[in-house]
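Undergrad: I'd like to ask some things about the structure below.
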Amino acid sequence: MHRDIRDTALYKEVENLYASFVQPGTNRISDADHIAASPDGQWLGFTGSVFADLATPPRTRVCVVVRDSGAVCRVFISHVEHDDKMPCWSPDSAQLAFLSDRRETGNYQLCLVGGDGTGNVIETPRVDGCVEALSWSPDGGRILLGVAEFGADLAGCQGGATIARHSSDLPTWIPEVNTGDADNLWRSCWLYDCETGALEQVNPVGLNVWESRWCGDEAVVAIVSDHHSEGSWYNARLVLMHLGGEPSTVLYQPQEQIGVPCASPDGQHLAVIEAICSDRMIVAGDIRLFSPTGGDTRPITLNTIDVTHIAWRDSESLAFAGHRGFETVTGEVNVHSGEIVEYWSSESCTIGAWYPAIAPLPATGGQAQCAALVEQFDRPPALTVISADGIEEILALANPGSDDDVIVPTVIEAIRWQGRDGLEIHGWLVRPEDQVDPGPLVVDIHGGPVWCCRNRWRGRLRGAQALANHRVATLYPNPRGSSARGQDFAAMVRGDMGGEDTYDYLAGIDAMVERGVADPGRVGVTGISYGGFMSSWLITQDDRFAAAAPISPVVNWYSQHGTSQIPFFDELFLGGNAREKDGNHYHRSPVMFADKVKCPTLTLVGALDQNTPPTQGLEFHNALLENGVESVLVTYPNAAHGIRNFPDVIDHTTRYVGWFLRHL
């Protein structure tokens, strides 16, 4: 395998496929994130992605959409050479706050502009660190900023690296020094006073703030820990920080993990999502309500829905989004009456990026509604308004690509099978529309393990469409441990990762063979993160695979524990202590069983990955070579966890698609 493959036919094919989706150089918005709505319901905003070309990552722009008599107009707040993101309106809708790195690449700071997205941009004083989140006080007088210092960990879904400063006055030979207690590794929250321009830190030194939101005008609710390490998040607690100088109040020390804290506009109710989690920022579980004064806490379980996002529509209506089996669901809870209303659900399409997310809108005619990004396999992302009446599309984004000759007609199907113990397992199958006879199949395993595959747009599914163009089907399983099936289902993988979940994948392959989809002699396996571990693990446990392509894998849980930014993770999901000599850290490490591997293996890693360090891939590659297995290791020097930036995405997609075409 050559180092530079840009002149190959397959690279050009994959490049053309992505170009058909994002249309680089046209100034077209190809994707959206951080959906927001102005309190008066007049404006919708989001972070839009725009590709100038496919040789560089897309620029992000704050985009504002106004709905007026059915007319739609777009206003771009843009700075040609830098990025803007995360629009957030003031309570009176008169001002729009957002984050921008226009003063220093990668250093996001607070900016303000008129509520309609026009007028002069006000660049506020810099806070010492990179701003990650923002929210307005209920009275509109201050803005709460979540700040990470340069050197702080990024979550796996953010790339699993660290926040790096792009400019430095130091010579390049100066070494990195890691003491474990450096001052530049913490997260904190700050207040910006809109009238005076003053900045003030809210949390005390020595308290790491993962997420924070206003609770009334004089308090902040936050998820905190006593250490800055990414692993300390798994034991974080919920506190109320008073702005008048009183000590913080501990509201809740959860048994599991928590995320998405938010308070009602009147400050009388607090809510978080509590769940079994494998990654910070990816939380799917049950809602828990609190009183800011303490003492009153109650869980809300929503008809087997794993809730992934919550936001207050008003002081008594808590809107939610989540998933239930194959369905994506939105609705709201009345915190006074306890009434739960689902106003939209769908198996045929889904919303949000990593997990379903919404932005509540003022009720119209007594009917709740929200803004969201809707998509499905053959429908690119679109900004929409969702209500009980259905979906109203406001703005279509990426090009469907269906009119291009680079797309073979392809379908996605929701499928079910049984694990070896009889447990029902779900998954999604992507295949050529006219497939009749058994053919090659690639099993693509999601990360987590607590996450799930959904009916997402094909432009997000990496190689699925490229493989389908060559008559290769892709199976996306949701085994035990996945979200969308309730907390008991998710808990099945805890302490047993690489155990019974192994057989859910093998049973899924058997089911595809029995249904005439898969040729049993032409099955490959791939996946990212947990999927990288599992695709490495499966080929040590079963010899049916013709090829494998683990991406950002873990292959040695001993060395993973000592080199990863999340050492708590492996003990949580494997059970036992990493120092045990005969526990799961040994018995579930693929590298310990590399002599069992027979199939050609391509391993792809990012050199900057601290979630699953690149040395994991190196260990597996060397072990396979020692055992006479065809192995190739590809390391991307500027990539972190999951290899997600362009042009790396095109290159790594080309390589693993080509690997399967060659060996299947």
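Chain lettering (A, B, ...) mirrors the order of the structure tokens, residue numbering begins at 1 for each chain separately, and ligand numbering begins at 1 in order of display.
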Give me, as a list in words, all polymer residues having an atom no more than 9 Å from Thr526 of chain A, counting only C-alpha atoms and skipping those fewer than 6 positions away in the same chain.
TA: Val442, Val443, Asp444, Ile445, Gly532, Met534, Ser535, Ser536, Ala547, Ala548, Ala549, Pro550, Ile551 and Tyr656 of chain A
Undergrad: Do a neighbour search on Ala155 of chain A at 8 Å with only C-alpha atoms, toss out local chain neighbours closer than 6 positions, and write the hits as a VMD selection string.
TA: chain A and resid 161 230 279 to 281 611
Undergrad: Keeping only N, CA and C atoms, write the selected residues to a file as a compact mmCIF listing (two decimals), in the first residue's frame.
TA:
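Writing the result to part_8.txt gives the following:
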# COMPACT_ATOMS: atom_id res chain seq x y z
N ALA A 161 -8.24 14.53 21.61
CA ALA A 161 -6.90 15.10 21.70
C ALA A 161 -6.89 16.10 22.85
N GLU A 230 -9.84 13.77 32.00
CA GLU A 230 -11.06 13.30 31.32
C GLU A 230 -11.68 12.14 32.08
N ASP A 279 -18.72 7.85 27.06
CA ASP A 279 -18.01 9.05 26.62
C ASP A 279 -18.68 10.29 27.18
N ARG A 280 -17.86 11.24 27.59
CA ARG A 280 -18.40 12.56 27.95
C ARG A 280 -19.05 13.19 26.72
N MET A 281 -20.14 13.91 26.96
CA MET A 281 -20.92 14.61 25.93
C MET A 281 -21.83 13.69 25.13
N ASN A 611 -7.38 9.36 23.26
CA ASN A 611 -8.46 8.48 23.70
C ASN A 611 -8.04 7.02 23.54
Undergrad: Excluding segment 48-50 of chain A and any residue of its chain fewer than 6 positions from it, enumerate the residues within 12 Å of it, using only C-alpha atoms, and give them as a ChimeraX atom specification.
TA: /A:19,21-36,56-65,74-78,80,82-87,373,381-383,395-398
Undergrad: Between A:Asn203, A:Asn399, A:Ser212, A:Gln418, which has the minimum distance to Glu246 of chain A (counting only C-alpha atoms)?
TA: A:Asn203
Undergrad: What's the 8 Å shell around segment 166-182 of chain A, counting only C-alpha atoms, without same-chain residues fewer than 5 positions away, as a PyMOL selection string?
TA: chain A and resi 104-106
Undergrad: Grab the atom CA of Ala607 of chain A to atom CA of Ser278 of chain A distance for me, in Å with one decimal place.
TA: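 For atom CA of Ala607 of chain A relative to atom CA of Ser278 of chain A, the distance reads 22.0 Å.
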Undergrad: Residues within 8 Å of segment 287-302 of chain A, please, as JSON, numbers by chain. Count only C-alpha atoms; anything in the same chain fewer than 4 positions from it doesn't count.
TA: {"A": [215, 240, 251, 267, 268, 269, 270, 271, 272, 273, 274, 306, 307, 340]}
Undergrad: Could you jot down the atom CA of Asp595 of chain A to atom CA of Ala507 of chain A separation for me, Å, one decimal place?
TA: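 Separation of atom CA of Asp595 of chain A and atom CA of Ala507 of chain A: 23.7 Å.
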